[in-house]
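This is protein-v9.txt (compact mmCIF, C-alpha atoms (C1' of nucleotides)).
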# COMPACT_ATOMS: atom_id res chain seq x y z
CA MET A 1 -14.45 13.66 8.59
CA ALA A 2 -12.16 13.31 5.64
CA ARG A 3 -12.83 11.15 2.70
CA ALA A 4 -15.39 8.40 2.92
CA ALA A 5 -13.83 5.13 3.93
CA THR A 6 -13.18 2.86 1.02
CA THR A 7 -14.65 0.07 3.03
CA SER A 8 -17.86 1.90 3.72
CA ASP A 9 -19.82 0.76 0.70
CA VAL A 10 -19.59 -0.88 -2.67
CA PHE A 11 -19.43 2.40 -4.55
CA ASN A 12 -16.19 3.27 -2.82
CA ALA A 13 -14.79 -0.21 -3.14
CA ILE A 14 -15.12 -0.26 -6.92
CA ALA A 15 -13.83 3.27 -7.29
CA GLU A 16 -10.37 1.77 -7.46
CA GLN A 17 -9.15 0.55 -10.80
CA GLN A 18 -7.17 -2.38 -9.46
CA ARG A 19 -10.06 -3.65 -7.43
CA ARG A 20 -12.23 -3.56 -10.51
CA GLU A 21 -9.61 -5.60 -12.29
CA ILE A 22 -9.64 -8.15 -9.52
CA LEU A 23 -13.39 -8.53 -9.79
CA VAL A 24 -13.23 -8.96 -13.54
CA LEU A 25 -10.51 -11.53 -13.22
CA LEU A 26 -12.52 -13.45 -10.67
CA ARG A 27 -15.31 -13.88 -13.16
CA ALA A 28 -13.15 -16.55 -14.70
CA GLY A 29 -13.20 -18.47 -11.46
CA GLU A 30 -11.61 -18.72 -8.06
CA GLY A 31 -7.96 -18.15 -7.47
CA PRO A 32 -5.40 -17.84 -4.69
CA VAL A 33 -3.96 -14.48 -3.78
CA THR A 34 -0.60 -15.14 -5.34
CA GLU A 35 -2.09 -16.05 -8.67
CA LEU A 36 -4.30 -12.98 -8.73
CA ALA A 37 -1.41 -10.76 -7.82
CA GLN A 38 0.80 -12.18 -10.49
CA GLU A 39 -1.85 -12.11 -13.16
CA LEU A 40 -2.61 -8.46 -12.48
CA GLY A 41 0.97 -7.40 -12.02
CA MET A 42 0.71 -6.28 -8.45
CA THR A 43 2.58 -7.27 -5.37
CA GLN A 44 1.16 -10.00 -3.23
CA PRO A 45 0.56 -7.77 -0.19
CA GLY A 46 -1.02 -5.27 -2.51
CA ALA A 47 -3.48 -7.80 -3.82
CA SER A 48 -4.16 -8.97 -0.31
CA LYS A 49 -5.09 -5.50 0.82
CA HIS A 50 -7.42 -4.93 -2.07
CA LEU A 51 -9.04 -8.26 -1.43
CA ARG A 52 -9.57 -7.23 2.14
CA VAL A 53 -11.54 -4.20 1.06
CA LEU A 54 -13.59 -6.24 -1.38
CA ARG A 55 -14.22 -8.75 1.35
CA GLU A 56 -15.40 -6.12 3.79
CA VAL A 57 -18.04 -4.85 1.42
CA GLY A 58 -19.02 -8.39 0.60
CA LEU A 59 -18.01 -8.51 -3.04
CA VAL A 60 -15.61 -11.36 -2.50
CA ARG A 61 -15.46 -14.54 -0.47
CA TYR A 62 -12.77 -17.03 0.17
CA ARG A 63 -12.53 -20.64 1.16
CA ARG A 64 -9.53 -22.43 2.45
CA ALA A 65 -7.76 -24.95 0.30
CA GLY A 66 -4.70 -26.16 2.09
CA LYS A 67 -2.39 -23.29 2.72
CA GLN A 68 -4.15 -21.28 0.11
CA ARG A 69 -7.17 -19.09 0.22
CA LEU A 70 -9.22 -19.35 -2.90
CA TYR A 71 -10.94 -16.07 -3.52
CA GLY A 72 -14.15 -15.99 -5.48
CA LEU A 73 -16.76 -13.57 -6.59
CA ASP A 74 -19.91 -12.67 -4.71
CA PRO A 75 -21.15 -9.91 -6.96
CA ARG A 76 -24.60 -9.47 -5.47
CA GLY A 77 -23.47 -6.18 -4.02
CA LEU A 78 -22.91 -4.84 -7.52
CA ARG A 79 -26.58 -5.12 -8.18
CA GLY A 80 -27.26 -1.96 -6.24
CA VAL A 81 -24.80 -0.01 -8.33
CA HIS A 82 -26.27 -1.43 -11.48
CA GLU A 83 -29.75 -0.42 -10.47
CA TRP A 84 -28.70 3.01 -9.34
CA THR A 85 -27.05 3.83 -12.63
CA GLY A 86 -30.01 2.22 -14.36
CA GLY A 87 -32.13 4.94 -12.86
CA PHE A 88 -30.50 7.28 -15.33
CA GLU A 89 -30.94 5.07 -18.32
CA ARG A 90 -33.79 6.97 -19.91
CA PHE A 91 -31.71 10.11 -19.70
CA TRP A 92 -29.08 8.78 -22.00
CA ASN A 93 -31.25 6.58 -24.21
CA GLU A 94 -34.08 8.77 -25.30
CA SER A 95 -33.63 12.15 -26.88
CA PHE A 96 -34.44 13.84 -23.68
CA ASP A 97 -36.17 17.16 -24.00
CA ARG A 98 -34.04 18.83 -21.41
CA LEU A 99 -30.99 17.39 -23.12
CA ASP A 100 -31.97 19.21 -26.25
CA GLU A 101 -31.69 22.49 -24.44
CA TYR A 102 -28.18 21.60 -23.48
CA VAL A 103 -27.18 20.79 -27.00
CA GLN A 104 -28.55 24.10 -28.19
CA ASP A 105 -26.67 25.88 -25.47
CA LEU A 106 -23.42 24.09 -26.03
CA LYS A 107 -21.70 27.05 -27.62
CA GLN A 108 -23.05 29.50 -25.10
CA ALA A 109 -22.09 27.35 -22.16
CA ARG A 110 -18.43 27.31 -23.02
CA GLN A 111 -17.35 26.12 -19.64
CA GLU A 112 -13.66 25.93 -18.91
CA MET B 1 0.76 7.94 -5.58
CA ALA B 2 -1.88 8.07 -2.94
CA ARG B 3 -5.51 7.56 -3.56
CA ALA B 4 -6.89 7.93 -7.06
CA ALA B 5 -8.09 11.44 -7.69
CA THR B 6 -11.81 11.82 -7.33
CA THR B 7 -11.81 13.73 -10.54
CA SER B 8 -10.06 11.02 -12.46
CA ASP B 9 -13.09 9.08 -13.58
CA VAL B 10 -16.78 8.58 -13.11
CA PHE B 11 -16.34 5.68 -10.70
CA ASN B 12 -14.56 7.93 -8.27
CA ALA B 13 -16.96 10.80 -8.76
CA ILE B 14 -19.99 8.78 -7.79
CA ALA B 15 -18.25 7.13 -4.88
CA GLU B 16 -19.40 10.06 -2.79
CA GLN B 17 -22.86 9.93 -1.31
CA GLN B 18 -23.59 13.61 -1.62
CA ARG B 19 -22.60 13.69 -5.25
CA ARG B 20 -24.94 10.83 -5.92
CA GLU B 21 -27.69 12.79 -4.25
CA ILE B 22 -26.99 15.76 -6.46
CA LEU B 23 -27.30 13.61 -9.55
CA VAL B 24 -30.56 12.13 -8.39
CA LEU B 25 -31.94 15.53 -7.61
CA LEU B 26 -30.97 16.79 -11.02
CA ARG B 27 -33.12 14.16 -12.62
CA ALA B 28 -36.04 16.38 -11.71
CA GLY B 29 -34.55 19.15 -13.80
CA GLU B 30 -32.04 21.91 -13.82
CA GLY B 31 -31.35 24.04 -10.82
CA PRO B 32 -29.04 26.75 -9.55
CA VAL B 33 -26.36 25.95 -7.02
CA THR B 34 -28.09 27.60 -4.13
CA GLU B 35 -31.27 25.66 -4.64
CA LEU B 36 -29.42 22.37 -4.90
CA ALA B 37 -27.45 23.16 -1.78
CA GLN B 38 -30.52 24.07 0.19
CA GLU B 39 -32.53 21.11 -0.98
CA LEU B 40 -29.79 18.71 -0.01
CA GLY B 41 -28.90 20.41 3.22
CA MET B 42 -25.37 21.32 2.33
CA THR B 43 -23.53 24.60 2.29
CA GLN B 44 -23.22 26.54 -0.89
CA PRO B 45 -19.47 26.13 -1.18
CA GLY B 46 -19.93 22.47 -0.47
CA ALA B 47 -22.39 22.03 -3.29
CA SER B 48 -20.19 24.09 -5.55
CA LYS B 49 -17.22 21.85 -4.91
CA HIS B 50 -19.15 18.71 -5.57
CA LEU B 51 -20.55 20.16 -8.74
CA ARG B 52 -17.05 20.95 -9.85
CA VAL B 53 -16.06 17.34 -9.54
CA LEU B 54 -19.16 16.20 -11.38
CA ARG B 55 -18.43 18.74 -14.06
CA GLU B 56 -14.88 17.58 -14.50
CA VAL B 57 -15.93 14.04 -15.18
CA GLY B 58 -18.67 15.26 -17.46
CA LEU B 59 -21.70 14.15 -15.50
CA VAL B 60 -23.02 17.65 -15.19
CA ARG B 61 -23.29 20.75 -17.33
CA TYR B 62 -24.37 24.25 -16.63
CA ARG B 63 -25.73 27.11 -18.61
CA ARG B 64 -25.88 30.71 -17.55
CA ALA B 65 -29.16 32.29 -16.67
CA GLY B 66 -28.56 35.78 -15.43
CA LYS B 67 -26.48 35.67 -12.33
CA GLN B 68 -27.30 32.04 -11.87
CA ARG B 69 -25.80 28.93 -13.25
CA LEU B 70 -28.37 26.31 -13.95
CA TYR B 71 -26.84 22.91 -13.48
CA GLY B 72 -28.24 19.98 -15.34
CA LEU B 73 -27.58 16.33 -15.85
CA ASP B 74 -25.43 14.80 -18.53
CA PRO B 75 -25.55 11.20 -17.41
CA ARG B 76 -23.98 9.63 -20.43
CA GLY B 77 -20.90 8.92 -18.38
CA LEU B 78 -22.94 6.71 -16.10
CA ARG B 79 -23.51 4.36 -18.95
CA GLY B 80 -20.05 2.91 -18.58
CA VAL B 81 -20.65 2.13 -14.95
CA HIS B 82 -23.97 0.58 -15.76
CA GLU B 83 -22.44 -1.62 -18.38
CA TRP B 84 -19.51 -2.59 -16.23
CA THR B 85 -21.71 -3.76 -13.39
CA GLY B 86 -23.98 -5.37 -15.96
CA GLY B 87 -21.08 -7.60 -16.83
CA PHE B 88 -21.70 -9.35 -13.54
CA GLU B 89 -25.40 -9.71 -13.99
CA ARG B 90 -25.42 -13.36 -14.81
CA PHE B 91 -23.47 -14.02 -11.66
CA TRP B 92 -26.19 -12.74 -9.43
CA ASN B 93 -29.25 -13.67 -11.49
CA GLU B 94 -28.78 -17.29 -12.34
CA SER B 95 -28.03 -19.92 -9.82
CA PHE B 96 -24.44 -19.89 -10.76
CA ASP B 97 -22.64 -23.16 -10.47
CA ARG B 98 -19.62 -21.68 -8.81
CA LEU B 99 -21.90 -19.80 -6.46
CA ASP B 100 -23.32 -23.09 -5.30
CA GLU B 101 -19.92 -24.15 -4.14
CA TYR B 102 -19.73 -21.02 -2.08
CA VAL B 103 -23.06 -21.62 -0.45
CA GLN B 104 -22.06 -25.13 0.42
CA ASP B 105 -18.85 -23.90 1.88
CA LEU B 106 -20.39 -21.12 3.87
CA LYS B 107 -19.96 -22.84 7.18
CA GLN B 108 -16.46 -23.94 6.41
CA ALA B 109 -15.44 -20.52 5.23
CA ARG B 110 -16.32 -18.89 8.49
CA GLN B 111 -14.38 -15.77 7.78
CA GLU B 112 -14.18 -13.29 10.64
C1' DT C 1 9.22 -29.47 16.15
C1' DT C 2 11.28 -27.35 12.49
C1' DG C 3 10.92 -25.60 8.14
C1' DA C 4 8.80 -23.86 4.02
C1' DC C 5 5.06 -21.82 1.86
C1' DG C 6 0.92 -18.69 1.44
C1' DT C 7 -1.17 -14.85 3.27
C1' DT C 8 -2.06 -11.04 6.26
C1' DT C 9 -0.82 -7.15 8.93
C1' DG C 10 1.94 -3.16 10.59
C1' DC C 11 4.42 0.84 9.75
C1' DC C 12 5.87 4.48 6.72
C1' DG C 13 5.72 8.50 3.45
C1' DA C 14 3.38 11.03 0.08
C1' DT C 15 -0.83 12.60 -1.31
C1' DA C 16 -5.71 13.77 -1.81
C1' DT C 17 -9.82 13.84 0.19
C1' DC C 18 -13.87 16.42 2.70
C1' DG C 19 -15.84 20.07 5.45
C1' DG C 20 -15.83 24.76 7.22
C1' DA C 21 -14.95 29.62 7.11
C1' DA C 22 -13.49 33.48 4.82
C1' DT C 23 -12.57 35.53 0.72
C1' DA C 24 -12.49 36.29 -4.19
C1' DT C 25 -14.62 36.26 -8.74
C1' DG C 26 -18.56 37.22 -11.86
C1' DA C 27 -22.70 39.17 -13.41
C1' DT C 28 -26.62 42.15 -13.00
C1' DT C 29 -28.98 46.30 -11.57
C1' DG C 30 -29.39 51.06 -10.10
C1' DC D 1 -19.24 53.24 -10.91
C1' DA D 2 -21.09 51.18 -6.70
C1' DA D 3 -23.88 47.78 -4.60
C1' DT D 4 -25.81 43.35 -4.54
C1' DC D 5 -26.62 38.74 -5.53
C1' DA D 6 -24.87 34.00 -7.12
C1' DT D 7 -21.13 31.23 -7.39
C1' DA D 8 -16.34 29.80 -7.16
C1' DT D 9 -11.98 29.45 -4.96
C1' DT D 10 -8.52 29.38 -1.35
C1' DC D 11 -6.71 28.06 2.99
C1' DC D 12 -6.91 25.05 6.82
C1' DG D 13 -7.15 20.80 9.85
C1' DA D 14 -8.22 16.14 10.32
C1' DT D 15 -8.26 11.96 8.22
C1' DA D 16 -7.85 8.05 5.05
C1' DT D 17 -6.03 6.48 1.09
C1' DC D 18 -2.36 3.63 -1.61
C1' DG D 19 2.09 1.56 -2.32
C1' DG D 20 6.30 -0.56 -0.56
C1' DC D 21 8.86 -3.15 2.57
C1' DA D 22 9.45 -5.91 6.55
C1' DA D 23 7.66 -8.72 9.81
C1' DA D 24 3.96 -11.63 11.85
C1' DC D 25 0.64 -15.27 11.43
C1' DG D 26 -1.26 -19.85 9.84
C1' DT D 27 -1.08 -24.11 7.75
C1' DC D 28 0.80 -28.12 6.01
C1' DA D 29 4.69 -31.61 5.43
C1' DA D 30 8.83 -34.05 6.82
Hey, can you dump this file as structure tokens for me?
Amino acid sequence: MARAATTSDVFNAIAEQQRREILVLLRAGEGPVTELAQELGMTQPGASKHLRVLREVGLVRYRRAGKQRLYGLDPRGLRGVHEWTGGFERFWNESFDRLDEYVQDLKQARQE
Amino acid sequence: MARAATTSDVFNAIAEQQRREILVLLRAGEGPVTELAQELGMTQPGASKHLRVLREVGLVRYRRAGKQRLYGLDPRGLRGVHEWTGGFERFWNESFDRLDEYVQDLKQARQE
DNA sequence: TTGACGTTTGCCGATATCGGAATATGATTG
DNA sequence: CAATCATATTCCGATATCGGCAAACGTCAA
């Protein structure tokens, strides 16, 4: 096995900068592929491929509108990511005791 | 350019299942590489490589303890991911007006 | 039907991943 | 210094990515 497939889960899907941009843009509302591509400065096939990935993990839906396909957000899948990272919230909010050790050892642990 | 380097940012670093497991495990406290590897059922070089990636994006720190290197969490980098996904919270919490359109169009948009 | 438009897919090259095995580096102890 | 333990790195093969370009598909209108 090589690298995990980008289509395997949401974590992989949003690991790509351009796909994140697509999702953000879609918060403003639906849009056809061409418009998204233009607005984000990517080629139309490029946008189409990214949308495919987002579709396969369920972050995006489309509906037909004439010749166009209006893509729109279905961000429920992001909830899992939000909750997973939220599991670390107390570690960055509170002055965590173990974190204090780190700070004290910052000079000693001169990594790289 | 091919795929974005896994070391480029936190999003890519946590796109890997095993690295996520390492982070979760480290919530329980520091640990040397061998222990982490054993507890997660991966080889020592494997764990070492993943830790390197996590180190390079700043999610993990280590301090020396004799021959060992005790790895510990520095989850501040996860905050960005948490906040980014949080930007979509209202879209999955409230009955979003645009989401209603989607639901109504579910049958029509019989993708795949 | 033919044509035009919007979108998807296929193929390509370059690159980077991940896992495994062997080896190298580093640090401690005798 | 030599030996040992803990960890890191290198090399390899297999695979999947991403971007670009060209071609295929689908849909609507005349």
For this session: Give the residues of chain C that lie within 8 Å of chain B; count only C-alpha atoms (C1' of nucleotides), and format the answer as a ChimeraX atom specification.
Result: /C:14-16,19,27-28
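Note that the spacing between CA of Gly31 in chain B and C1' of DT23 in chain C amounts to 24.9 Å.
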Give me the chain D side of the contact with chain B, cut-off 9 Å, one line per residue showing its nearest atom pair and distance in Å at one decimal, counting only C-alpha atoms (C1' of nucleotides), sorted by chain and residue number, as a tab-separated table.
residue	atom	partner	partner_atom	distance
D:DC5	C1'	B:Lys67	CA	7.5
D:DA6	C1'	B:Gln68	CA	5.7
D:DT7	C1'	B:Ser48	CA	7.4
D:DA8	C1'	B:Ser48	CA	7.1
D:DA16	C1'	B:Arg3	CA	8.9
D:DT17	C1'	B:Arg3	CA	4.8
D:DC18	C1'	B:Ala2	CA	4.7
D:DG19	C1'	B:Met1	CA	7.3
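For chain A, the residues having at least one atom no farther than 6 Å from chain B, when counting all atoms listed in the file, are A:Phe11, A:Asn12, A:Ala15, A:Arg63, A:Arg76, A:His82, A:Thr85, A:Trp92, A:Ala109.
Between CA of Leu54 in chain A and CA of Leu25 in chain A lies a distance of 13.3 Å.
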